[in-house]
Amino acid sequence: MASLRSASPRLRNYFRENYIPQVCEALLCGLLVTCPPDPLRYLEEMIITIMKNGLESLLWDMCIDPSMKPKIRRLSETYLEQLFELDDQLITSELMIKACTFYTGHLVKTHFCTWKDIAKPHTYEDDFLAEKMERAMKYDNFRLQKYVFHLWHSYVKGQIEKLKDVLSRIKEIYYSARLIIILNKWREKAREKYKKRQDELLLKHELQVMKWRNKIKFKRSEEQSNSEQSLSEVLLVGEIPQCDISVLPERAVLQIFFYLSLRDVVICGQVCHSWRLMTQTSSLWNGIDFSSVKDIVTDKYIVSALQRWRLNVLRLNFHGCLLRLKTLKSVSLCKNLQELNVSDCPTLTDESMRYISEGCPGVLYLNLSNTTITNRTMRLLPRHFHNLQSLSLAYCRKFTDKGLQYLNLGNGCHKLIYLDLSGCTQISVQGFRNIANSCTGIMHLTLNDMPTLTDNCVKVLVQKCPHITSVVFIGAPHISDSAFKVLSACDLRKIRFEGNKRITDACFKFMDKCFPNISHIYMVNCKGITDGSLKSLSPLKKLTVLNLANCVRIGDMGLKQFLDGPVSSRIRELNLSNCILGDASILKLSECCPNLNYLSLRNCENLTDLGIRYIVNIFSLVSVDLSGTDISNEGLTTLSRHKKLKELSLSECYKITDIGIQITDSAMELLSAKCHYLHILDISGCILLTDQMLEDLQMGCTQLRILKMQYCRLISKEAAEKMSSMVQEQEYSSYDPPSWFGYDNRGEPLTEQQDGTPFQDSDLTIEESTYSKEEEAV
């Protein structure tokens with residue numbers, strides 16, 4: 001058969017497009033397998049069949065009877081493609097022979113090499129093993145070097161990082177030291193300029209003061225004949241030079257205005273135009289206190305002030321003000337109000353509180369003490385004051401337990417931190433349960449004057465209020481040690497009880513474990529507390545304030561055991577009035593309390609001048625109360641060596657002998673000469689003091705602010721009036737000392753008959769004369 005490999009592409013494409021090899025293959029396969037008697041007739045029938053079925057469905061065995069079809073596998077798509085050599089990519093017989101020859105040769109080679117390796121003896125086995133060992137050692141050395149290098153690299157990298165950190169720290173230290181030097185130099189220059197400016201101002205003011213004093217002396221010399229004329233009259237007669245306040249900066253003058261009352265600010269605004277502008281500064285009207293002018297201020301002025309400063313007002317105080325409903329409605333204009341005090345306002349009603357709550361939703365601190373509010377107001381609190389943090393309902397007796405249940409409406413008062421329910425005796429255990437459900441975030445709780453308060457009330461409150469940190473129970477006689485056991489679930493920091501006889505040493509037994517963070521303890525007039533309580537308090541490491549006044553069963557032994565613990569180095573305020581303490585415990589106190597600032601030993605009758613010597617060794621002390629102690633001139637002279645004292649109380653100090661009261665002018669002269677920082681002095685009942693003492697105080701204690709000298713009969717009224725111009729507050733009376741002082745107006749001890757006689761009206765009356773510079777000017 002002629003080959004079509006060399007035929008033209010057109011002819012080859014013709015054969016493929018018309019399926020001529022497939023048709024020939026099918027017809028030849030049918031002739032070869034069937035072998036018909038009439039081949040031509042057979043071919044004619046098969047061609048007709050192929051034409052009917054179509055060339056697309058043509059198969060090589062289509063012309064073969066199904067029973068005669070051979071079971072063979074095709075080598076290619078058609079046999080005739082190989083015959084006609086139409087496809088160059090198909091496997092030919094020559095390629096098949098080459099493939100078989102290659103496969104057989106490769107198989108023989110593989111088996112021969114395997115047999116050769118097995119049959120051939122290992123002539124060079126030692127060399128081969130040595131070579132493998134050498135390669136293994138090289139590999140092992142490489143791995144070891146890699147591991148060591150990795151460690152070395154990590155070490156070097158760490159050292160580099162450390163060097164970088166050290167370098168950065170050195171840079172920071174250098175820069176900080178440089179900044180410190182620069183700031184110190186700048187500070188020194190600023191201080192020099194400031195000091196120079198202050199010296200100039202002081203010199204200017206001193207010149208004015210000297211002129212003023214010279215004029216005062218001149219006027220006094222002219223009016224010596226009239227000895228009863230007071231200093232205030234002299235001042236009014238003389239011509240007072242005006243103080244040049246214009247030299248002060250505006251910021252300083254404005255800061256002075258912050259300390260003035262509302263009335264004084266209004267008066268200052270009428271002085272001049274510049275002062276009027278300063279009084280109209282918005283920051284001055286952030287807090288308005290109408291309680292200080294409640295007797296003179298009118299509702300019209302309150303309404304106009306609130307309308308004018310409604311955007312600036314943050315704090316309002318209407319304590320004790322008698323206001324109309326229209327005035328209370330004007331409070332709702334202050335949309336930014338945060339603090340509102342309407343305590344003791346008799347006209348405050350639920351209706352006025354509705355207007356206030358709707359207009360001032362941002363109130364944080366609300367004081368409704370001693371008002372006539374009912375459950376209607378209690379319903380308004382959680383609806384409008386969503387951010388309320390402090391609430392005082394003291395002595396509000398018209399709301400009930402159901403009103404406290406209203407606190408849980410809406411969002412509730414869960415942000416409430418401080419709650420005061422003093423005097424609300426109508427609240428039962430169910431009411432405290434309602435408070436616990438509504439105000440779970442309470443931290444500070446005050447329940448004074450609550451004779452109906454029991455341990456069960458505290459128990460239901462603590463169950464859902466575990467964040468309580470301070471409690472005040474003054475006038476709650478039914479609270480016992482069980483309440484302390486319940487409060488152990490809270491992290492208490494401050495405890496205050498007063499006048500409770502059911503509190504015993506048992507409540508202090510495990511205080512260091514139950515309340516390790518407590519810092520303030522007030523247990524005043526608790527008769528059941530003994531020395532054992534002080535021993536239990538000694539391990540407390542954070543206690544700073546301890547007040548056990550009128551706990552008459554506490555003595556020297558308890559104080560010594562208290563000071564043996566770590567609490568002694570932390571204590572800052574100690575009140576042991578009316579306790580049985582002597583000089584030995586004061587010695588221990590001076591040795592163990594280096595940070596003590598406030599000390600009260602009032603009516604500690606066993607304390608003598610020797611104990612005063614020990615008190616002087618407490619260098620951090622700034623306030624001492626020695627009223628009613630056995631102190632004399634010698635002790636007061638010793639006390640004057642403590643130059644840092646700012647507050648000193650010596651009232652009722654007596655040493656009953658034939659001589660009488662021992663604190664005289666000589667001791668006060670030494671005290672005033674050395675204690676230049678004294679601010680508060682109480683010498684009430686020291687009946688041997690004279691006018692000379694006041695002159696010494698004027699010369700030495702230039703910073704004295706408050707002076708109390710009740711029952712000082714040898715001090716004249718003229719000298720007291722003169723002294724009132726030097727201090728801010730003064731109390732003076734020339735009456736005889738009352739009988740509870742234990743001595744008469746001559747310093748003689750009272751007899752039983754004198755002590756038992758009823759007092760005269762003059763003895764019961766204590767007149768307090770308070771003189772100030774403002775009253776002198778008036």
# chains A, B, ... in the order shown; residues from 1 in each chain; ligands from 1

$ residues_around --residues "A:Val23" --least-positions-apart "3" --cutoff "8 Å" --atoms "only C-alpha atoms" --output "list in words"
Tyr19, Ile20, Ala26, Leu27, Leu58 and Trp60 of chain A

$ residues_around --residues "A:Ser623" --least-positions-apart "4" --cutoff "6 Å" --atoms "only C-alpha atoms" --output "JSON, numbers by chain"
{"A": [598, 645, 646, 647, 648]}

$ select_by_dssp --residues "stretch 513-654 of chain A" --states "alpha helix (DSSP H)" --output "ChimeraX atom specification"
/A:513-514,531-537,556-563,583-592,609-616,633-639

$ atom_distance --atom1 "atom CA of A:Asp449" --atom2 "atom CA of A:Ser343"
17.2 Å

$ residues_around --residues "A:Lys527" --least-positions-apart "4" --cutoff "9 Å" --atoms "only C-alpha atoms" --output "PyMOL selection string"
chain A and resi 499-504+550-553

$ residues_around --residues "A:Gly628" --least-positions-apart "3" --cutoff "9 Å" --atoms "only C-alpha atoms" --output "number ranges by chain"
A: 601-605, 631, 650-654, 741

$ closest_residue --among "A:Val297, A:Val266, A:Ala584, A:Leu576" --to "A:Leu626" --atoms "only C-alpha atoms"
A:Leu576

$ residues_around --residues "A:His467" --least-positions-apart "6" --cutoff "8 Å" --atoms "only C-alpha atoms" --output "ChimeraX atom specification"
/A:440-443,490-491

$ write_last_selection --atoms "C-alpha atoms" --output "mmCIF file, in the first residue's frame"
data_model
loop_
_atom_site.group_PDB
_atom_site.id
_atom_site.type_symbol
_atom_site.label_atom_id
_atom_site.label_comp_id
_atom_site.auth_asym_id
_atom_site.auth_seq_id
_atom_site.Cartn_x
_atom_site.Cartn_y
_atom_site.Cartn_z
ATOM 1 C CA THR A 440 -24.881 47.816 95.460
ATOM 2 C CA GLY A 441 -21.895 50.147 95.027
ATOM 3 C CA ILE A 442 -22.107 51.962 98.383
ATOM 4 C CA MET A 443 -18.666 52.678 99.857
ATOM 5 C CA CYS A 490 -15.946 44.279 103.470
ATOM 6 C CA ASP A 491 -12.578 45.956 103.069
#

$ residues_around --residues "stretch 62-69 of chain A" --least-positions-apart "2" --cutoff "12 Å" --atoms "only C-alpha atoms" --output "PyMOL selection string"
chain A and resi 22-36+42-50+53-55+57-60+71-73

$ closest_residue --among "A:Asn312, A:Thr114, A:Ser470, A:Ser261" --to "A:Phe497" --atoms "only C-alpha atoms"
A:Ser470

$ residues_around --residues "A:Arg433" --least-positions-apart "3" --cutoff "12 Å" --atoms "only C-alpha atoms" --output "PDB file with all heavy atoms, in the first residue's frame"
ATOM      1  N   ASP A 401     -40.193  52.420 103.806  1.00  0.00           N
ATOM      2  CA  ASP A 401     -39.420  51.346 103.191  1.00  0.00           C
ATOM      3  C   ASP A 401     -39.768  51.188 101.711  1.00  0.00           C
ATOM      4  O   ASP A 401     -38.917  50.824 100.894  1.00  0.00           O
ATOM      5  CB  ASP A 401     -39.684  50.024 103.919  1.00  0.00           C
ATOM      6  CG  ASP A 401     -39.159  50.058 105.346  1.00  0.00           C
ATOM      7  OD1 ASP A 401     -38.313  50.910 105.631  1.00  0.00           O
ATOM      8  OD2 ASP A 401     -39.612  49.233 106.164  1.00  0.00           O
ATOM      9  N   LYS A 402     -41.007  51.457 101.350  1.00  0.00           N
ATOM     10  CA  LYS A 402     -41.405  51.359  99.950  1.00  0.00           C
ATOM     11  C   LYS A 402     -40.685  52.414  99.107  1.00  0.00           C
ATOM     12  O   LYS A 402     -40.341  52.162  97.946  1.00  0.00           O
ATOM     13  CB  LYS A 402     -42.924  51.529  99.829  1.00  0.00           C
ATOM     14  CG  LYS A 402     -43.458  51.249  98.445  1.00  0.00           C
ATOM     15  CD  LYS A 402     -44.971  51.322  98.414  1.00  0.00           C
ATOM     16  CE  LYS A 402     -45.506  51.015  97.007  1.00  0.00           C
ATOM     17  NZ  LYS A 402     -46.986  51.094  96.957  1.00  0.00           N
ATOM     18  N   LEU A 404     -37.665  53.462  99.576  1.00  0.00           N
ATOM     19  CA  LEU A 404     -36.326  52.936  99.319  1.00  0.00           C
ATOM     20  C   LEU A 404     -36.346  51.866  98.241  1.00  0.00           C
ATOM     21  O   LEU A 404     -35.364  51.663  97.538  1.00  0.00           O
ATOM     22  CB  LEU A 404     -35.744  52.375 100.614  1.00  0.00           C
ATOM     23  CG  LEU A 404     -35.499  53.408 101.722  1.00  0.00           C
ATOM     24  CD1 LEU A 404     -35.086  52.722 103.003  1.00  0.00           C
ATOM     25  CD2 LEU A 404     -34.450  54.414 101.298  1.00  0.00           C
ATOM     26  N   GLN A 405     -37.479  51.182  98.109  1.00  0.00           N
ATOM     27  CA  GLN A 405     -37.604  50.177  97.036  1.00  0.00           C
ATOM     28  C   GLN A 405     -37.644  50.843  95.666  1.00  0.00           C
ATOM     29  O   GLN A 405     -37.220  50.254  94.667  1.00  0.00           O
ATOM     30  CB  GLN A 405     -38.867  49.348  97.265  1.00  0.00           C
ATOM     31  CG  GLN A 405     -39.001  48.147  96.347  1.00  0.00           C
ATOM     32  CD  GLN A 405     -40.239  47.324  96.664  1.00  0.00           C
ATOM     33  OE1 GLN A 405     -41.007  47.664  97.556  1.00  0.00           O
ATOM     34  NE2 GLN A 405     -40.434  46.242  95.949  1.00  0.00           N
ATOM     35  N   LEU A 407     -35.784  53.084  94.625  1.00  0.00           N
ATOM     36  CA  LEU A 407     -34.433  53.387  94.155  1.00  0.00           C
ATOM     37  C   LEU A 407     -33.934  52.390  93.128  1.00  0.00           C
ATOM     38  O   LEU A 407     -32.930  52.632  92.462  1.00  0.00           O
ATOM     39  CB  LEU A 407     -33.463  53.425  95.344  1.00  0.00           C
ATOM     40  CG  LEU A 407     -33.686  54.532  96.372  1.00  0.00           C
ATOM     41  CD1 LEU A 407     -32.694  54.410  97.506  1.00  0.00           C
ATOM     42  CD2 LEU A 407     -33.578  55.908  95.727  1.00  0.00           C
ATOM     43  N   ASN A 408     -34.619  51.272  93.000  1.00  0.00           N
ATOM     44  CA  ASN A 408     -34.208  50.239  92.046  1.00  0.00           C
ATOM     45  C   ASN A 408     -34.917  50.362  90.711  1.00  0.00           C
ATOM     46  O   ASN A 408     -34.738  49.509  89.827  1.00  0.00           O
ATOM     47  CB  ASN A 408     -34.461  48.847  92.651  1.00  0.00           C
ATOM     48  CG  ASN A 408     -33.609  47.776  92.011  1.00  0.00           C
ATOM     49  OD1 ASN A 408     -32.576  48.066  91.413  1.00  0.00           O
ATOM     50  ND2 ASN A 408     -34.042  46.531  92.103  1.00  0.00           N
ATOM     51  N   ILE A 427     -36.960  53.427 109.155  1.00  0.00           N
ATOM     52  CA  ILE A 427     -36.464  52.370 108.274  1.00  0.00           C
ATOM     53  C   ILE A 427     -36.331  51.078 109.068  1.00  0.00           C
ATOM     54  O   ILE A 427     -35.719  51.045 110.142  1.00  0.00           O
ATOM     55  CB  ILE A 427     -35.103  52.765 107.669  1.00  0.00           C
ATOM     56  CG1 ILE A 427     -35.223  54.083 106.899  1.00  0.00           C
ATOM     57  CG2 ILE A 427     -34.598  51.677 106.732  1.00  0.00           C
ATOM     58  CD1 ILE A 427     -33.916  54.576 106.325  1.00  0.00           C
ATOM     59  N   SER A 428     -36.889  50.015 108.535  1.00  0.00           N
ATOM     60  CA  SER A 428     -36.829  48.699 109.168  1.00  0.00           C
ATOM     61  C   SER A 428     -35.791  47.833 108.455  1.00  0.00           C
ATOM     62  O   SER A 428     -35.061  48.287 107.575  1.00  0.00           O
ATOM     63  CB  SER A 428     -38.206  48.035 109.135  1.00  0.00           C
ATOM     64  OG  SER A 428     -38.607  47.813 107.788  1.00  0.00           O
ATOM     65  N   VAL A 429     -35.770  46.563 108.835  1.00  0.00           N
ATOM     66  CA  VAL A 429     -34.844  45.630 108.186  1.00  0.00           C
ATOM     67  C   VAL A 429     -35.162  45.495 106.704  1.00  0.00           C
ATOM     68  O   VAL A 429     -34.264  45.400 105.858  1.00  0.00           O
ATOM     69  CB  VAL A 429     -34.906  44.256 108.899  1.00  0.00           C
ATOM     70  CG1 VAL A 429     -33.999  43.249 108.213  1.00  0.00           C
ATOM     71  CG2 VAL A 429     -34.509  44.406 110.358  1.00  0.00           C
ATOM     72  N   GLN A 430     -36.458  45.503 106.362  1.00  0.00           N
ATOM     73  CA  GLN A 430     -36.855  45.413 104.957  1.00  0.00           C
ATOM     74  C   GLN A 430     -36.368  46.627 104.177  1.00  0.00           C
ATOM     75  O   GLN A 430     -35.960  46.518 103.012  1.00  0.00           O
ATOM     76  CB  GLN A 430     -38.382  45.304 104.852  1.00  0.00           C
ATOM     77  CG  GLN A 430     -38.901  45.153 103.438  1.00  0.00           C
ATOM     78  CD  GLN A 430     -38.369  43.923 102.736  1.00  0.00           C
ATOM     79  OE1 GLN A 430     -38.217  42.865 103.356  1.00  0.00           O
ATOM     80  NE2 GLN A 430     -38.096  44.025 101.451  1.00  0.00           N
ATOM     81  N   ALA A 436     -29.953  47.597  99.862  1.00  0.00           N
ATOM     82  CA  ALA A 436     -28.922  46.682  99.368  1.00  0.00           C
ATOM     83  C   ALA A 436     -29.205  46.243  97.939  1.00  0.00           C
ATOM     84  O   ALA A 436     -28.282  46.068  97.133  1.00  0.00           O
ATOM     85  CB  ALA A 436     -28.828  45.468 100.289  1.00  0.00           C
ATOM     86  N   ASN A 437     -30.482  46.058  97.595  1.00  0.00           N
ATOM     87  CA  ASN A 437     -30.831  45.645  96.231  1.00  0.00           C
ATOM     88  C   ASN A 437     -30.677  46.783  95.231  1.00  0.00           C
ATOM     89  O   ASN A 437     -30.412  46.533  94.050  1.00  0.00           O
ATOM     90  CB  ASN A 437     -32.270  45.128  96.199  1.00  0.00           C
ATOM     91  CG  ASN A 437     -32.451  43.859  97.005  1.00  0.00           C
ATOM     92  OD1 ASN A 437     -31.524  43.053  97.123  1.00  0.00           O
ATOM     93  ND2 ASN A 437     -33.632  43.670  97.568  1.00  0.00           N
ATOM     94  N   SER A 438     -30.825  48.026  95.691  1.00  0.00           N
ATOM     95  CA  SER A 438     -30.814  49.165  94.771  1.00  0.00           C
ATOM     96  C   SER A 438     -29.439  49.807  94.641  1.00  0.00           C
ATOM     97  O   SER A 438     -29.073  50.260  93.562  1.00  0.00           O
ATOM     98  CB  SER A 438     -31.824  50.219  95.252  1.00  0.00           C
ATOM     99  OG  SER A 438     -33.101  49.642  95.450  1.00  0.00           O
ATOM    100  N   CYS A 439     -28.695  49.857  95.725  1.00  0.00           N
ATOM    101  CA  CYS A 439     -27.425  50.601  95.753  1.00  0.00           C
ATOM    102  C   CYS A 439     -26.302  49.645  96.124  1.00  0.00           C
ATOM    103  O   CYS A 439     -25.821  49.639  97.276  1.00  0.00           O
ATOM    104  CB  CYS A 439     -27.502  51.755  96.741  1.00  0.00           C
ATOM    105  SG  CYS A 439     -28.979  52.789  96.552  1.00  0.00           S
ATOM    106  N   THR A 440     -25.892  48.838  95.172  1.00  0.00           N
ATOM    107  CA  THR A 440     -24.881  47.816  95.460  1.00  0.00           C
ATOM    108  C   THR A 440     -23.463  48.360  95.517  1.00  0.00           C
ATOM    109  O   THR A 440     -22.556  47.674  95.970  1.00  0.00           O
ATOM    110  CB  THR A 440     -24.936  46.723  94.388  1.00  0.00           C
ATOM    111  OG1 THR A 440     -24.764  47.328  93.087  1.00  0.00           O
ATOM    112  CG2 THR A 440     -26.276  46.003  94.419  1.00  0.00           C
ATOM    113  N   ASN A 456     -29.075  42.975 112.581  1.00  0.00           N
ATOM    114  CA  ASN A 456     -29.722  42.397 111.390  1.00  0.00           C
ATOM    115  C   ASN A 456     -29.780  43.404 110.248  1.00  0.00           C
ATOM    116  O   ASN A 456     -29.658  43.031 109.074  1.00  0.00           O
ATOM    117  CB  ASN A 456     -31.135  41.921 111.739  1.00  0.00           C
ATOM    118  CG  ASN A 456     -31.124  40.726 112.659  1.00  0.00           C
ATOM    119  OD1 ASN A 456     -30.190  39.919 112.631  1.00  0.00           O
ATOM    120  ND2 ASN A 456     -32.145  40.587 113.492  1.00  0.00           N
ATOM    121  N   CYS A 457     -29.962  44.674 110.575  1.00  0.00           N
ATOM    122  CA  CYS A 457     -29.977  45.702 109.529  1.00  0.00           C
ATOM    123  C   CYS A 457     -28.623  45.773 108.825  1.00  0.00           C
ATOM    124  O   CYS A 457     -28.550  45.859 107.593  1.00  0.00           O
ATOM    125  CB  CYS A 457     -30.324  47.060 110.134  1.00  0.00           C
ATOM    126  SG  CYS A 457     -31.953  47.148 110.906  1.00  0.00           S
ATOM    127  N   VAL A 458     -27.570  45.715 109.596  1.00  0.00           N
ATOM    128  CA  VAL A 458     -26.232  45.747 109.007  1.00  0.00           C
ATOM    129  C   VAL A 458     -25.980  44.478 108.197  1.00  0.00           C
ATOM    130  O   VAL A 458     -25.355  44.508 107.124  1.00  0.00           O
ATOM    131  CB  VAL A 458     -25.178  45.907 110.117  1.00  0.00           C
ATOM    132  CG1 VAL A 458     -23.775  45.914 109.536  1.00  0.00           C
ATOM    133  CG2 VAL A 458     -25.434  47.184 110.905  1.00  0.00           C
ATOM    134  N   LYS A 459     -26.494  43.354 108.661  1.00  0.00           N
ATOM    135  CA  LYS A 459     -26.260  42.077 107.985  1.00  0.00           C
ATOM    136  C   LYS A 459     -26.883  42.061 106.595  1.00  0.00           C
ATOM    137  O   LYS A 459     -26.226  41.686 105.613  1.00  0.00           O
ATOM    138  CB  LYS A 459     -26.823  40.945 108.837  1.00  0.00           C
ATOM    139  CG  LYS A 459     -26.595  39.568 108.256  1.00  0.00           C
ATOM    140  CD  LYS A 459     -27.141  38.489 109.177  1.00  0.00           C
ATOM    141  CE  LYS A 459     -26.907  37.098 108.588  1.00  0.00           C
ATOM    142  NZ  LYS A 459     -27.448  36.031 109.474  1.00  0.00           N
ATOM    143  N   VAL A 460     -28.161  42.459 106.470  1.00  0.00           N
ATOM    144  CA  VAL A 460     -28.821  42.435 105.156  1.00  0.00           C
ATOM    145  C   VAL A 460     -28.203  43.462 104.226  1.00  0.00           C
ATOM    146  O   VAL A 460     -28.230  43.301 103.003  1.00  0.00           O
ATOM    147  CB  VAL A 460     -30.332  42.678 105.308  1.00  0.00           C
ATOM    148  CG1 VAL A 460     -30.967  41.586 106.140  1.00  0.00           C
ATOM    149  CG2 VAL A 460     -30.625  44.044 105.929  1.00  0.00           C
ATOM    150  N   LEU A 461     -27.630  44.538 104.776  1.00  0.00           N
ATOM    151  CA  LEU A 461     -27.016  45.561 103.926  1.00  0.00           C
ATOM    152  C   LEU A 461     -25.682  45.090 103.371  1.00  0.00           C
ATOM    153  O   LEU A 461     -25.358  45.328 102.205  1.00  0.00           O
ATOM    154  CB  LEU A 461     -26.842  46.846 104.729  1.00  0.00           C
ATOM    155  CG  LEU A 461     -26.422  48.093 103.968  1.00  0.00           C
ATOM    156  CD1 LEU A 461     -27.492  48.471 102.959  1.00  0.00           C
ATOM    157  CD2 LEU A 461     -26.205  49.248 104.931  1.00  0.00           C
ATOM    158  N   VAL A 462     -24.914  44.397 104.186  1.00  0.00           N
ATOM    159  CA  VAL A 462     -23.580  43.965 103.766  1.00  0.00           C
ATOM    160  C   VAL A 462     -23.648  42.805 102.784  1.00  0.00           C
ATOM    161  O   VAL A 462     -22.722  42.623 101.981  1.00  0.00           O
ATOM    162  CB  VAL A 462     -22.746  43.601 105.017  1.00  0.00           C
ATOM    163  CG1 VAL A 462     -21.426  42.952 104.630  1.00  0.00           C
ATOM    164  CG2 VAL A 462     -22.498  44.836 105.858  1.00  0.00           C
ATOM    165  N   GLN A 463     -24.721  42.034 102.816  1.00  0.00           N
ATOM    166  CA  GLN A 463     -24.816  40.859 101.938  1.00  0.00           C
ATOM    167  C   GLN A 463     -24.691  41.228 100.460  1.00  0.00           C
ATOM    168  O   GLN A 463     -24.111  40.475  99.672  1.00  0.00           O
ATOM    169  CB  GLN A 463     -26.145  40.139 102.192  1.00  0.00           C
ATOM    170  CG  GLN A 463     -26.164  39.346 103.485  1.00  0.00           C
ATOM    171  CD  GLN A 463     -27.503  38.676 103.726  1.00  0.00           C
ATOM    172  OE1 GLN A 463     -28.482  38.927 102.997  1.00  0.00           O
ATOM    173  NE2 GLN A 463     -27.584  37.825 104.734  1.00  0.00           N
ATOM    174  N   LYS A 464     -25.231  42.386 100.059  1.00  0.00           N
ATOM    175  CA  LYS A 464     -25.184  42.782  98.652  1.00  0.00           C
ATOM    176  C   LYS A 464     -24.387  44.066  98.424  1.00  0.00           C
ATOM    177  O   LYS A 464     -24.357  44.570  97.309  1.00  0.00           O
ATOM    178  CB  LYS A 464     -26.605  42.957  98.111  1.00  0.00           C
ATOM    179  CG  LYS A 464     -27.382  41.649  98.043  1.00  0.00           C
ATOM    180  CD  LYS A 464     -28.699  41.825  97.330  1.00  0.00           C
ATOM    181  CE  LYS A 464     -29.436  40.500  97.221  1.00  0.00           C
ATOM    182  NZ  LYS A 464     -30.737  40.643  96.518  1.00  0.00           N
ATOM    183  N   CYS A 465     -23.764  44.576  99.468  1.00  0.00           N
ATOM    184  CA  CYS A 465     -22.916  45.779  99.341  1.00  0.00           C
ATOM    185  C   CYS A 465     -21.526  45.450  99.875  1.00  0.00           C
ATOM    186  O   CYS A 465     -21.142  45.906 100.972  1.00  0.00           O
ATOM    187  CB  CYS A 465     -23.525  46.952 100.098  1.00  0.00           C
ATOM    188  SG  CYS A 465     -25.141  47.459  99.489  1.00  0.00           S
TER     189      CYS A 465
END

$ select_by_dssp --residues "stretch 413-614 of chain A" --states "strand (DSSP E)" --output "JSON, numbers by chain"
{"A": [418, 419, 420, 444, 445, 446, 470, 471, 472, 473, 474, 494, 495, 496, 497, 498, 520, 521, 522, 523, 524, 545, 546, 547, 573, 574, 575, 598, 599, 600]}

$ atom_distance --atom1 "atom CA of A:Phe515" --atom2 "atom CA of A:Val472"
15.8 Å

$ closest_residue --among "A:Gly475, A:Gly410, A:Pro21, A:Pro594" --to "A:Val616" --atoms "only C-alpha atoms"
A:Pro594

$ decode --residues "stretch 569-586 of chain A" --atoms "C-alpha atoms" --output "JSON list (two decimals), in the first residue's frame"
[["chain", "number", "residue", "atom", "x", "y", "z"],
["A", 569, "SER", "CA", 5.69, 54.03, 113.16],
["A", 570, "ARG", "CA", 2.57, 54.84, 111.11],
["A", 571, "ILE", "CA", 0.27, 56.51, 113.64],
["A", 572, "ARG", "CA", -0.26, 60.24, 113.00],
["A", 573, "GLU", "CA", -3.23, 61.17, 115.19],
["A", 574, "LEU", "CA", -3.86, 59.80, 118.69],
["A", 575, "ASN", "CA", -6.69, 60.82, 121.03],
["A", 576, "LEU", "CA", -6.67, 59.24, 124.49],
["A", 577, "SER", "CA", -8.70, 61.80, 126.41],
["A", 578, "ASN", "CA", -9.97, 60.75, 129.85],
["A", 579, "CYS", "CA", -7.80, 57.61, 129.81],
["A", 580, "ILE", "CA", -5.71, 56.51, 132.77],
["A", 581, "LEU", "CA", -2.27, 57.39, 131.45],
["A", 582, "GLY", "CA", 0.90, 58.42, 133.23],
["A", 583, "ASP", "CA", 4.38, 59.70, 132.41],
["A", 584, "ALA", "CA", 5.80, 56.19, 131.72],
["A", 585, "SER", "CA", 3.48, 55.59, 128.75],
["A", 586, "ILE", "CA", 4.29, 59.08, 127.37]]
